[in-house]
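Shown next: final.txt, containing compact mmCIF, C-alpha atoms.
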```txt
# COMPACT_ATOMS: atom_id res chain seq x y z
CA MET A 1 0.00 0.00 0.00
CA THR A 2 1.39 3.38 -1.01
CA ASP A 3 1.21 6.12 1.60
CA VAL A 4 1.33 9.56 -0.02
CA ILE A 5 1.77 12.50 2.33
CA ALA A 6 -0.85 15.03 1.33
CA LYS A 7 0.91 18.32 0.60
CA GLN A 8 -1.24 20.94 -1.10
CA ARG A 9 -3.26 18.46 -3.12
CA THR A 10 -6.41 19.84 -4.70
CA ASN A 11 -9.43 18.62 -6.54
CA TRP A 12 -9.42 18.65 -10.34
CA ALA A 13 -10.82 22.17 -10.50
CA GLY A 14 -8.37 23.57 -7.97
CA ASN A 15 -11.07 25.20 -5.84
CA VAL A 16 -10.73 22.72 -2.93
CA THR A 17 -7.39 22.13 -1.21
CA TYR A 18 -7.54 18.79 0.56
CA ARG A 19 -6.76 18.85 4.28
CA ALA A 20 -6.04 15.12 4.57
CA SER A 21 -2.81 14.18 6.29
CA ALA A 22 -2.22 11.29 3.89
CA LEU A 23 -3.55 9.63 0.75
CA LEU A 24 -3.46 5.83 0.93
CA ARG A 25 -3.53 3.62 -2.17
CA PRO A 26 -4.47 0.02 -1.30
CA THR A 27 -3.94 -2.58 -4.01
CA SER A 28 -6.36 -5.27 -2.79
CA VAL A 29 -9.65 -5.64 -0.97
CA GLY A 30 -7.78 -7.17 1.95
CA GLU A 31 -5.65 -4.04 2.21
CA VAL A 32 -8.79 -1.90 2.20
CA GLN A 33 -10.22 -3.97 5.04
CA ARG A 34 -7.05 -3.69 7.11
CA LEU A 35 -6.87 0.02 6.40
CA VAL A 36 -10.45 0.59 7.55
CA THR A 37 -9.97 -1.27 10.84
CA SER A 38 -6.65 0.43 11.62
CA THR A 39 -7.63 4.01 10.75
CA PRO A 40 -9.95 5.96 13.10
CA ARG A 41 -11.32 8.19 10.33
CA LEU A 42 -10.99 7.98 6.57
CA THR A 43 -12.75 9.20 3.44
CA ALA A 44 -12.82 7.56 0.00
CA LEU A 45 -11.54 9.75 -2.84
CA GLY A 46 -12.66 9.21 -6.43
CA SER A 47 -11.23 11.00 -9.45
CA THR A 48 -11.25 14.41 -7.65
CA HIS A 49 -14.01 15.78 -9.92
CA SER A 50 -16.28 16.95 -7.09
CA PHE A 51 -16.36 20.72 -6.62
CA ASN A 52 -17.12 20.65 -2.90
CA GLU A 53 -15.73 18.91 0.19
CA VAL A 54 -17.69 15.65 -0.11
CA ALA A 55 -14.37 13.74 -0.43
CA ASP A 56 -12.29 16.00 1.83
CA THR A 57 -11.30 15.20 5.40
CA ASP A 58 -8.96 16.34 8.15
CA ALA A 59 -7.92 12.70 8.59
CA VAL A 60 -6.94 10.19 5.86
CA GLN A 61 -8.10 9.81 2.26
CA VAL A 62 -8.08 6.48 0.45
CA THR A 63 -8.15 5.99 -3.33
CA LEU A 64 -8.79 2.72 -5.16
CA THR A 65 -6.99 3.66 -8.38
CA GLU A 66 -4.25 1.08 -7.68
CA MET A 67 -6.73 -1.80 -7.40
CA PRO A 68 -6.76 -4.24 -10.35
CA PRO A 69 -9.09 -2.90 -13.10
CA SER A 70 -11.40 -5.94 -13.29
CA LEU A 71 -14.41 -6.12 -15.61
CA ASP A 72 -16.47 -9.34 -15.56
CA ILE A 73 -19.58 -9.71 -17.72
CA ASP A 74 -22.47 -12.04 -16.88
CA THR A 75 -24.29 -12.39 -20.19
CA GLU A 76 -27.24 -14.30 -18.73
CA ARG A 77 -27.96 -11.70 -16.05
CA ARG A 78 -26.93 -8.84 -18.35
CA THR A 79 -24.66 -7.35 -15.71
CA VAL A 80 -21.02 -6.36 -15.43
CA ARG A 81 -18.94 -6.37 -12.27
CA VAL A 82 -16.29 -3.64 -12.24
CA ALA A 83 -13.63 -2.43 -9.83
CA ALA A 84 -14.83 0.73 -8.11
CA GLY A 85 -11.75 2.76 -8.99
CA MET A 86 -12.16 2.32 -12.75
CA THR A 87 -13.29 5.34 -14.75
CA HIS A 88 -16.39 5.26 -16.91
CA ALA A 89 -14.08 5.56 -19.92
CA GLN A 90 -12.35 2.32 -18.94
CA VAL A 91 -15.62 0.53 -18.27
CA ALA A 92 -17.18 1.78 -21.51
CA ALA A 93 -14.20 0.71 -23.62
CA GLY A 94 -14.18 -2.75 -22.05
CA LEU A 95 -17.90 -3.24 -22.58
CA GLU A 96 -17.92 -1.94 -26.16
CA ALA A 97 -15.05 -4.27 -27.08
CA ARG A 98 -17.24 -7.21 -26.01
CA GLY A 99 -20.46 -6.00 -27.63
CA TRP A 100 -22.15 -4.56 -24.54
CA ALA A 101 -23.19 -1.14 -23.30
CA LEU A 102 -24.34 0.87 -20.32
CA GLY A 103 -27.66 2.61 -20.78
CA ASN A 104 -26.15 6.05 -20.25
CA LEU A 105 -23.00 7.97 -19.42
CA ALA A 106 -22.19 11.34 -17.92
CA SER A 107 -20.89 14.15 -20.13
CA LEU A 108 -17.40 13.55 -18.73
CA PRO A 109 -16.10 9.94 -19.05
CA HIS A 110 -12.98 10.65 -17.00
CA ILE A 111 -14.78 10.30 -13.67
CA SER A 112 -14.53 7.23 -11.44
CA THR A 113 -17.44 4.81 -11.62
CA ALA A 114 -17.93 4.55 -7.86
CA GLY A 115 -17.55 8.30 -7.33
CA ALA A 116 -20.08 9.13 -10.02
CA VAL A 117 -22.59 6.70 -8.53
CA ALA A 118 -22.00 7.88 -4.97
CA THR A 119 -22.80 11.51 -5.82
CA GLY A 120 -25.84 10.90 -8.04
CA THR A 121 -24.15 11.92 -11.29
CA HIS A 122 -26.29 11.60 -14.41
CA GLY A 123 -26.37 11.87 -18.16
CA SER A 124 -29.38 13.07 -20.15
CA GLY A 125 -32.59 11.65 -21.53
CA VAL A 126 -36.27 11.58 -20.60
CA ARG A 127 -35.98 7.78 -20.23
CA ASN A 128 -32.56 7.76 -18.59
CA PRO A 129 -32.24 7.97 -14.79
CA SER A 130 -28.95 8.70 -13.03
CA LEU A 131 -25.97 6.41 -13.41
CA ALA A 132 -26.67 5.01 -9.94
CA GLN A 133 -29.91 3.42 -11.14
CA ALA A 134 -27.83 0.96 -13.18
CA VAL A 135 -26.33 -0.45 -9.96
CA VAL A 136 -27.76 -3.89 -9.18
CA GLY A 137 -25.21 -4.76 -6.50
CA LEU A 138 -22.08 -3.53 -4.79
CA ASP A 139 -19.33 -4.70 -2.45
CA VAL A 140 -18.69 -2.41 0.50
CA VAL A 141 -16.16 -2.56 3.33
CA ARG A 142 -18.01 -1.63 6.51
CA ALA A 143 -16.62 0.25 9.49
CA SER A 144 -15.92 -3.12 11.13
CA GLY A 145 -13.72 -4.14 8.20
CA GLU A 146 -16.26 -6.71 7.04
CA LEU A 147 -16.80 -6.99 3.28
CA GLU A 148 -20.51 -7.08 2.52
CA HIS A 149 -22.30 -7.56 -0.79
CA VAL A 150 -25.46 -5.48 -1.11
CA SER A 151 -28.10 -6.27 -3.71
CA ALA A 152 -31.87 -6.18 -3.99
CA GLY A 153 -33.29 -7.99 -0.97
CA SER A 154 -29.95 -8.43 0.81
CA GLY A 155 -27.43 -6.47 2.81
CA SER A 156 -27.79 -3.91 5.59
CA GLY A 157 -30.43 -1.47 4.45
CA SER A 158 -31.84 -1.45 0.94
CA LEU A 159 -29.90 -1.29 -2.29
CA ASP A 160 -31.58 2.04 -2.96
CA ALA A 161 -29.98 3.44 0.20
CA HIS A 162 -26.54 2.39 -1.04
CA ARG A 163 -26.75 3.54 -4.64
CA VAL A 164 -26.05 7.19 -3.78
CA ALA A 165 -24.30 7.00 -0.41
CA LEU A 166 -21.81 9.92 -0.33
CA GLY A 167 -19.18 7.60 1.15
CA ALA A 168 -21.13 7.42 4.43
CA LEU A 169 -21.87 3.68 4.53
CA GLY A 170 -18.42 2.27 3.79
CA VAL A 171 -15.75 1.98 1.12
CA VAL A 172 -17.23 0.54 -2.09
CA THR A 173 -14.72 -1.79 -3.77
CA ALA A 174 -16.80 -3.18 -6.67
CA LEU A 175 -20.04 -2.44 -8.49
CA GLU A 176 -22.43 -4.59 -10.48
CA LEU A 177 -24.12 -2.64 -13.27
CA ALA A 178 -26.99 -3.49 -15.60
CA ILE A 179 -25.91 -3.65 -19.25
CA GLU A 180 -27.50 -4.11 -22.65
CA PRO A 181 -26.26 -4.99 -26.16
CA THR A 182 -24.14 -2.30 -27.77
CA PHE A 183 -25.84 0.40 -29.82
CA GLU A 184 -24.84 3.34 -32.00
CA VAL A 185 -25.61 7.02 -31.52
CA ALA A 186 -25.42 10.00 -33.89
CA THR A 187 -25.02 13.54 -32.53
CA THR A 188 -26.27 16.63 -34.33
CA VAL A 189 -25.95 20.19 -33.04
CA HIS A 190 -28.17 23.17 -33.75
CA LEU A 191 -27.35 26.76 -32.85
CA ASP A 192 -29.39 29.68 -31.49
CA LEU A 193 -32.81 28.20 -30.89
CA PRO A 194 -34.93 31.27 -29.93
CA TRP A 195 -36.40 31.55 -26.46
CA ASP A 196 -39.97 31.52 -27.71
CA ALA A 197 -39.31 28.17 -29.42
CA VAL A 198 -37.54 26.83 -26.31
CA GLU A 199 -40.52 27.70 -24.15
CA GLU A 200 -43.23 26.52 -26.54
CA HIS A 201 -41.56 23.28 -27.62
CA PHE A 202 -39.35 22.42 -24.63
CA ASP A 203 -40.90 19.04 -23.85
CA ALA A 204 -40.99 17.95 -27.49
CA VAL A 205 -37.38 18.96 -28.15
CA MET A 206 -36.01 17.30 -25.01
CA ALA A 207 -37.89 14.06 -25.73
CA ASP A 208 -37.04 13.98 -29.44
CA ALA A 209 -33.98 11.75 -29.07
CA TYR A 210 -32.32 9.36 -26.68
CA SER A 211 -30.30 12.18 -25.08
CA VAL A 212 -30.71 15.94 -25.57
CA SER A 213 -28.80 18.85 -24.03
CA MET A 214 -29.40 22.58 -24.36
CA PHE A 215 -26.63 25.08 -23.64
CA THR A 216 -27.37 28.71 -22.88
CA ALA A 217 -26.03 31.88 -21.29
CA PHE A 218 -29.62 33.02 -20.59
CA ASP A 219 -29.07 35.93 -22.99
CA ASP A 220 -30.91 36.91 -26.15
CA ARG A 221 -29.44 34.03 -28.16
CA GLY A 222 -31.75 31.57 -26.45
CA ALA A 223 -30.41 28.02 -26.49
CA ARG A 224 -27.00 28.69 -28.05
CA GLN A 225 -26.53 24.99 -28.72
CA VAL A 226 -28.90 22.03 -28.82
CA TRP A 227 -27.13 18.65 -28.84
CA THR A 228 -29.41 15.88 -30.11
CA LYS A 229 -28.06 12.35 -29.55
CA HIS A 230 -30.12 9.87 -31.56
CA ARG A 231 -29.95 6.10 -31.08
CA VAL A 232 -29.81 4.83 -34.62
CA ASP A 233 -31.94 1.78 -33.71
CA GLU A 234 -34.82 4.12 -32.79
CA PRO A 235 -37.03 6.41 -34.90
CA ALA A 236 -35.28 9.52 -36.17
CA PRO A 237 -35.88 12.87 -34.42
CA SER A 238 -39.02 14.56 -35.74
CA VAL A 239 -38.80 18.12 -34.38
CA ASP A 240 -37.51 20.47 -37.10
CA LEU A 241 -35.26 22.82 -35.14
CA VAL A 242 -34.44 24.84 -38.25
CA ALA A 243 -38.14 25.52 -38.81
CA LEU A 244 -38.26 26.73 -35.20
CA GLY A 245 -35.56 29.31 -35.91
CA ALA A 246 -32.30 27.45 -35.16
CA ARG A 247 -29.54 26.66 -37.65
CA ARG A 248 -27.63 23.43 -37.98
CA ALA A 249 -23.95 23.58 -37.00
CA THR A 250 -21.65 22.90 -39.94
CA GLU A 251 -18.61 22.10 -37.81
CA ALA A 252 -17.94 20.74 -34.35
CA VAL A 253 -18.60 23.10 -31.45
CA HIS A 254 -17.52 23.08 -27.81
CA PRO A 255 -20.18 23.94 -25.23
CA GLY A 256 -17.77 26.24 -23.41
CA GLU A 257 -14.70 28.13 -24.51
CA ASN A 258 -12.24 25.37 -25.44
CA ASP A 259 -11.05 23.80 -28.66
CA ALA A 260 -13.72 21.60 -30.24
CA ALA A 261 -11.12 18.86 -30.77
CA SER A 262 -11.96 17.62 -27.26
CA VAL A 263 -15.67 17.01 -27.93
CA THR A 264 -17.08 13.73 -29.14
CA GLU A 265 -17.92 13.54 -32.84
CA GLN A 266 -20.87 15.57 -34.06
CA GLY A 267 -22.33 16.12 -37.54
CA GLY A 268 -24.73 13.18 -37.39
CA VAL A 269 -22.02 10.56 -37.87
CA PRO A 270 -23.08 7.30 -36.14
CA GLY A 271 -20.66 5.80 -33.67
CA PRO A 272 -20.54 3.59 -30.57
CA TRP A 273 -22.53 4.68 -27.52
CA SER A 274 -19.26 4.87 -25.60
CA GLU A 275 -17.95 7.57 -27.95
CA ARG A 276 -21.17 9.58 -28.39
CA LEU A 277 -23.09 9.69 -25.11
CA PRO A 278 -20.33 11.66 -23.33
CA HIS A 279 -19.81 15.22 -24.51
CA PHE A 280 -16.02 14.90 -24.30
CA ARG A 281 -13.46 12.45 -25.59
CA SER A 282 -11.73 10.42 -22.90
CA THR A 283 -8.36 11.04 -24.58
CA PHE A 284 -8.64 14.82 -24.11
CA SER A 285 -8.99 17.06 -21.11
CA PRO A 286 -12.33 18.82 -21.74
CA SER A 287 -11.17 22.04 -20.12
CA THR A 288 -8.34 23.53 -18.11
CA GLY A 289 -10.12 22.59 -14.90
CA ALA A 290 -10.12 26.24 -13.80
CA GLU A 291 -13.84 26.21 -13.19
CA ILE A 292 -16.46 25.67 -10.51
CA GLN A 293 -19.76 23.92 -11.15
CA ALA A 294 -23.20 24.06 -9.57
CA GLU A 295 -26.28 22.09 -10.55
CA TYR A 296 -29.89 21.75 -9.44
CA LEU A 297 -32.50 19.20 -10.42
CA ILE A 298 -36.11 20.39 -10.44
CA PRO A 299 -39.37 18.63 -11.32
CA ALA A 300 -39.71 18.49 -15.09
CA GLU A 301 -42.98 20.43 -15.10
CA PHE A 302 -41.15 23.48 -13.73
CA ALA A 303 -38.52 23.60 -16.48
CA VAL A 304 -39.90 26.45 -18.56
CA PRO A 305 -40.89 28.66 -15.59
CA ALA A 306 -37.44 28.12 -14.07
CA LEU A 307 -35.67 29.06 -17.30
CA ARG A 308 -37.86 32.13 -17.57
CA ALA A 309 -36.99 33.08 -13.98
CA LEU A 310 -33.24 32.71 -14.60
CA ARG A 311 -33.14 34.86 -17.75
CA PRO A 312 -33.06 38.21 -15.87
CA LEU A 313 -29.70 37.08 -14.43
CA ALA A 314 -28.02 37.11 -17.86
CA ASP A 315 -26.10 40.34 -17.26
CA PHE A 316 -25.10 39.16 -13.80
CA PHE A 317 -23.84 35.87 -15.28
CA ALA A 318 -22.04 37.44 -18.25
CA PRO A 319 -18.54 37.91 -16.74
CA LEU A 320 -18.64 34.63 -14.78
CA LEU A 321 -20.60 31.96 -16.64
CA ILE A 322 -18.73 29.69 -19.06
CA ALA A 323 -21.77 27.59 -19.96
CA ALA A 324 -25.11 26.52 -18.58
CA GLU A 325 -26.59 23.17 -19.60
CA VAL A 326 -30.18 21.97 -19.43
CA ARG A 327 -30.78 18.21 -19.39
CA THR A 328 -33.61 15.82 -18.59
CA VAL A 329 -33.25 12.95 -16.12
CA ALA A 330 -35.78 10.16 -15.55
CA ALA A 331 -37.02 9.36 -12.06
CA ASP A 332 -34.72 7.30 -9.81
CA THR A 333 -35.45 5.02 -6.88
CA ALA A 334 -32.16 5.69 -5.03
CA TRP A 335 -32.88 7.48 -1.76
CA LEU A 336 -30.45 10.33 -2.37
CA ALA A 337 -30.44 10.57 -6.16
CA PRO A 338 -31.24 14.19 -7.15
CA SER A 339 -33.98 12.84 -9.42
CA THR A 340 -35.39 10.35 -6.91
CA GLY A 341 -39.11 9.87 -7.27
CA ARG A 342 -39.68 12.45 -9.98
CA GLN A 343 -39.04 13.15 -13.64
CA SER A 344 -36.49 15.94 -13.53
CA VAL A 345 -34.68 18.64 -15.44
CA GLY A 346 -31.09 19.43 -14.49
CA LEU A 347 -29.90 23.05 -14.58
CA HIS A 348 -26.12 22.97 -14.69
CA PHE A 349 -23.77 25.97 -14.36
CA THR A 350 -20.05 26.00 -15.19
CA PHE A 351 -18.42 29.15 -13.81
CA ARG A 352 -14.95 30.61 -13.98
CA ARG A 353 -12.88 29.69 -10.94
CA ASP A 354 -13.66 32.72 -8.82
CA PRO A 355 -14.89 31.29 -5.50
CA SER A 356 -16.31 34.50 -4.04
CA ALA A 357 -18.12 35.44 -7.25
CA VAL A 358 -19.44 31.90 -7.65
CA ALA A 359 -20.68 31.93 -4.04
CA ALA A 360 -22.65 35.10 -4.81
CA ALA A 361 -24.01 33.57 -8.02
CA VAL A 362 -25.10 30.40 -6.23
CA LEU A 363 -27.05 32.44 -3.70
CA ARG A 364 -28.83 34.29 -6.52
CA ILE A 365 -29.59 31.06 -8.38
CA GLU A 366 -30.94 29.28 -5.32
CA ASP A 367 -33.11 32.26 -4.48
CA VAL A 368 -34.56 32.29 -8.01
CA LEU A 369 -35.09 28.52 -8.06
CA ALA A 370 -36.58 28.29 -4.57
CA PRO A 371 -40.21 28.12 -5.82
CA PHE A 372 -39.32 25.14 -8.01
CA ASP A 373 -38.14 22.69 -5.29
CA PRO A 374 -34.51 22.38 -6.43
CA ARG A 375 -32.26 19.54 -5.32
CA PRO A 376 -28.53 20.38 -5.38
CA HIS A 377 -26.13 17.93 -7.03
CA TRP A 378 -24.08 16.24 -4.29
CA GLY A 379 -20.77 16.75 -6.07
CA LYS A 380 -21.12 20.45 -6.84
CA VAL A 381 -21.22 23.72 -4.93
CA SER A 382 -24.37 24.83 -3.18
CA ALA A 383 -25.43 27.21 -0.43
CA ALA A 384 -28.27 24.96 0.73
CA SER A 385 -28.53 24.60 4.50
CA PRO A 386 -28.86 21.16 6.15
CA ALA A 387 -32.51 21.96 6.82
CA ARG A 388 -33.07 22.75 3.14
CA LEU A 389 -31.31 19.52 2.10
CA HIS A 390 -33.56 17.48 4.40
CA GLU A 391 -36.55 19.23 2.86
CA ALA A 392 -35.32 18.57 -0.69
CA TYR A 393 -34.40 14.92 -0.04
CA PRO A 394 -37.33 13.28 1.82
CA GLN A 395 -35.31 10.16 2.74
CA LEU A 396 -32.22 12.00 3.99
CA ALA A 397 -33.21 11.54 7.64
CA ALA A 398 -33.66 7.78 7.13
CA PHE A 399 -30.31 7.66 5.36
CA ALA A 400 -28.65 9.51 8.24
CA GLU A 401 -30.07 6.98 10.70
CA LEU A 402 -28.81 4.09 8.54
CA ALA A 403 -25.36 5.68 8.40
CA ARG A 404 -25.29 5.99 12.18
CA SER A 405 -26.32 2.36 12.63
CA LEU A 406 -23.68 1.06 10.20
CA ASP A 407 -20.93 3.42 11.36
CA PRO A 408 -21.69 4.31 15.01
CA ALA A 409 -18.16 5.59 15.68
CA GLY A 410 -18.21 7.87 12.63
CA ARG A 411 -15.25 6.20 10.93
CA PHE A 412 -16.41 7.42 7.52
CA ARG A 413 -17.61 10.84 8.66
CA ASN A 414 -16.05 14.06 7.41
CA GLY A 415 -17.05 17.70 7.65
CA PHE A 416 -19.39 17.46 4.65
CA LEU A 417 -21.29 14.52 6.14
CA GLU A 418 -21.40 16.06 9.61
CA ARG A 419 -23.06 19.14 8.19
CA THR A 420 -25.36 17.24 5.84
CA LEU A 421 -26.49 14.36 8.05
CA GLY A 422 -26.26 16.02 11.45
```
Rewrite the structure from the file as structure tokens, please.
Amino acid sequence: MTDVIAKQRTNWAGNVTYRASALLRPTSVGEVQRLVTSTPRLTALGSTHSFNEVADTDAVQVTLTEMPPSLDIDTERRTVRVAAGMTHAQVAAGLEARGWALGNLASLPHISTAGAVATGTHGSGVRNPSLAQAVVGLDVVRASGELEHVSAGSGSGSLDAHRVALGALGVVTALELAIEPTFEVATTVHLDLPWDAVEEHFDAVMADAYSVSMFTAFDDRGARQVWTKHRVDEPAPSVDLVALGARRATEAVHPGENDAASVTEQGGVPGPWSERLPHFRSTFSPSTGAEIQAEYLIPAEFAVPALRALRPLADFFAPLLIAAEVRTVAADTAWLAPSTGRQSVGLHFTFRRDPSAVAAAVLRIEDVLAPFDPRPHWGKVSAASPARLHEAYPQLAAFAELARSLDPAGRFRNGFLERTLG
């Protein structure tokens, strides 16, 4: 096991400096178990893509990136068992090579599979819930050091409690995910869809393909980009965005300010799900990382009123906002998934890395979105109080009680969980 003294390590974005005294890199499940039983407090660290302190601690961090990258497919059950430290890019490549697929991916394939699941990360699509919904089982090292397999009908607490667990229930060492036969996707991009068309046809546009994303700055250009990701084994999109006032992009575009070479192929060229569902190629860094992100999921029926309410902030956003993305997410059953129990629309904000300005922006956004019952993304910045989080997530109190019962000494607690769970 490698013991790395933590000296001025930061998250990917550089807006969080980790306070951990050490970063430990176990190479086997047995090492993880021994580490858990010998360390009074520790926090699992994924790929460092969270923008808040969910993976920070004043004790010890542990990363599973040195664990063997296993990927075992059960064709009869249509599941794959993967090592928790593997990225979605690694999992996707391994599945595609064997003729299988995940139902959805996040826009960024560089993130760790377990970390994405634990924070409720999602892709897009009116039929596609968060990535955690694909979890049919997981292995978790408890505070006692015991390795437990949790699946439907087994384990301590329900599987839905473990799907999005914020690291509070133990160290996840492996995940079992539902898979399906491979499929192809073609991405087309349209530019400058007017606001009146966005508002009048929002539901139809967002449901017109397997995965749809709108990008905006909330200014007079409306939806600056509309990314339509069509599964080629399904009926073709039927909404004519050009007739609604948009124009089709004739070359690849980046949703932010970077070179379009980093985005996955556009122009309607079919390709594997693994290379089309993410927005960014796994072989490129999608941005410099000098950014801070916030995101809120609201009930789908509030999408247009929420967009209308955010538009007066366009001038306020102008010097700070790199891109805002609007996506749909199907209802989840995971207790703490941001889309649990309701069809949702995600409102995502990528800001320049200016912590004080972003903090002010987040306050404005949360004030504007308050009437629409927003749920903050667990891996991004938010000003929501613990009371507001318990209001937004109806099963958060039950989750907190489960965490206390499984970890009575608080071995997996950190500042983020103390504030969130109480």
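Comparing A:Glu275, A:Asp72, A:Glu66, A:Asp58 by their smallest distance to Phe412 of chain A, the closest is A:Asp58 (using all atoms listed in the file).
Counting from atom CA of Ala306 of chain A, the distance to atom CA of Val368 of chain A is 7.9 Å.
When only C-alpha atoms are used to compute distances to Ser274 of chain A, the closest of the residues A:Val36, A:Ala83, A:Leu310, A:Ala186 turns out to be A:Ala186.
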Would you kindly return, as number ranges by chain, each protein, DNA or RNA residue with an atom no farther than 9 Å from any atom of segment 372-386 of chain A, considering only C-alpha atoms and excluding same-chain residues fewer than 5 positions away?
A: 49-54, 116, 118-121, 166, 292-299, 302-303, 305-306, 336-339, 358-359, 362-363, 366, 391-393, 419-422
Got a sec: who's within 12 Å of Leu241 of chain A, counting all atoms listed in the file, leaving out chain neighbours fewer than 4 positions off, as a VMD selection string?
chain A and resid 188 to 194 197 to 198 201 to 202 204 to 206 208 223 225 to 228 237 245 to 249
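If all atoms listed in the file are the atoms counted, then among A:Thr340, A:Ser238, A:Gln33, A:Thr182 the closest residue to Ala93 of chain A is A:Thr182.
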Separation of atom CA of Pro26 of chain A from atom CA of Val117 of chain A, in Å and rounded to one decimal:
20.6 Å
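All residues of protein, DNA or RNA that reach within 12 Å of Leu95 of chain A, judged by all atoms listed in the file and not counting those fewer than 5 positions away in the chain, are Ser70, Leu71, Asp72, Ile73, Asp74, Thr75, Arg78, Thr79, Val80, Arg81, Val82, His88, Ala89, Gln90, Trp100, Ala101, Leu102, Gly103, Leu177, Ala178, Ile179, Glu180, Pro181, Thr182, Phe183, Pro272, Trp273 and Ser274 of chain A.
You can rank A:Ala360, A:Val212, A:Val136, A:Leu277 by their closest distance to Phe317 of chain A using all atoms listed in the file, and at the top of that list sits A:Ala360.
Between atom CA of Asp203 of chain A and atom CA of Glu257 of chain A there is a distance of 27.7 Å.
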Mind listing as JSON, numbers by chain all residues within 10 Å of (-5.6, -0.3, 4.1), counting only C-alpha atoms?
{"A": [1, 2, 3, 24, 25, 26, 27, 28, 29, 30, 31, 32, 33, 34, 35, 36, 37, 38, 39, 62, 145]}
Residue with the minimum atom-to-atom distance to Lys229 of chain A, picked from A:Phe349, A:Ala168, A:Ser112, A:Asn104 with all atoms listed in the file counted, is A:Asn104
In terms of all atoms listed in the file, the residue from A:Val239, A:Ala20, A:Ala134, A:Ala403 at minimal distance from His122 of chain A is A:Ala134
Would you kindly identify which residues have an atom no farther than 10 Å from (-29.5, 31.4, -23.4), using all atoms listed in the file and the file's own coordinates, and write them out as number ranges by chain?
A: 192-195, 198, 214-225, 307, 310-311, 314, 323-325
Just need the box for segment 232-249 of chain A, edges along x, y and z, holding every atom the file lists for it with 6 Å tacked onto each side, so centre and edge lengths in Å to one decimal, as lines of an AutoDock Vina configuration file.
```
center_x = -31.5
center_y = 15.5
center_z = -35.8
size_x = 27.1
size_y = 39.5
size_z = 18.0
```
Identify, on the basis of only C-alpha atoms, every residue whose closest approach to Gly85 of chain A does not exceed 8 Å; exclude the query and any residue fewer than 5 positions from it along the same chain; express the result as an NGL selection string.
:A and (46 or 63-67 or 69 or 112-114 or 173)
Please produce a file of the residues just selected, as a short mmCIF file (atom, residue, chain, number, x, y, z; two decimals), in the frame of the given file, where the atoms kept are C-alpha atoms.
```cif
data_model
loop_
_atom_site.label_atom_id
_atom_site.label_comp_id
_atom_site.auth_asym_id
_atom_site.auth_seq_id
_atom_site.Cartn_x
_atom_site.Cartn_y
_atom_site.Cartn_z
CA GLY A 46 -12.66 9.21 -6.43
CA THR A 63 -8.15 5.99 -3.33
CA LEU A 64 -8.79 2.72 -5.16
CA THR A 65 -6.99 3.66 -8.38
CA GLU A 66 -4.25 1.08 -7.68
CA MET A 67 -6.73 -1.80 -7.40
CA PRO A 69 -9.09 -2.90 -13.10
CA SER A 112 -14.53 7.23 -11.44
CA THR A 113 -17.44 4.81 -11.62
CA ALA A 114 -17.93 4.55 -7.86
CA THR A 173 -14.72 -1.79 -3.77
#
```
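Residues with any atom within 7 Å of Val141 of chain A, counting only C-alpha atoms and excluding same-chain neighbours fewer than 3 positions away, are Gln33, Gly145, Glu146, Leu147, Glu148, Gly170, Val171 and Val172 of chain A.
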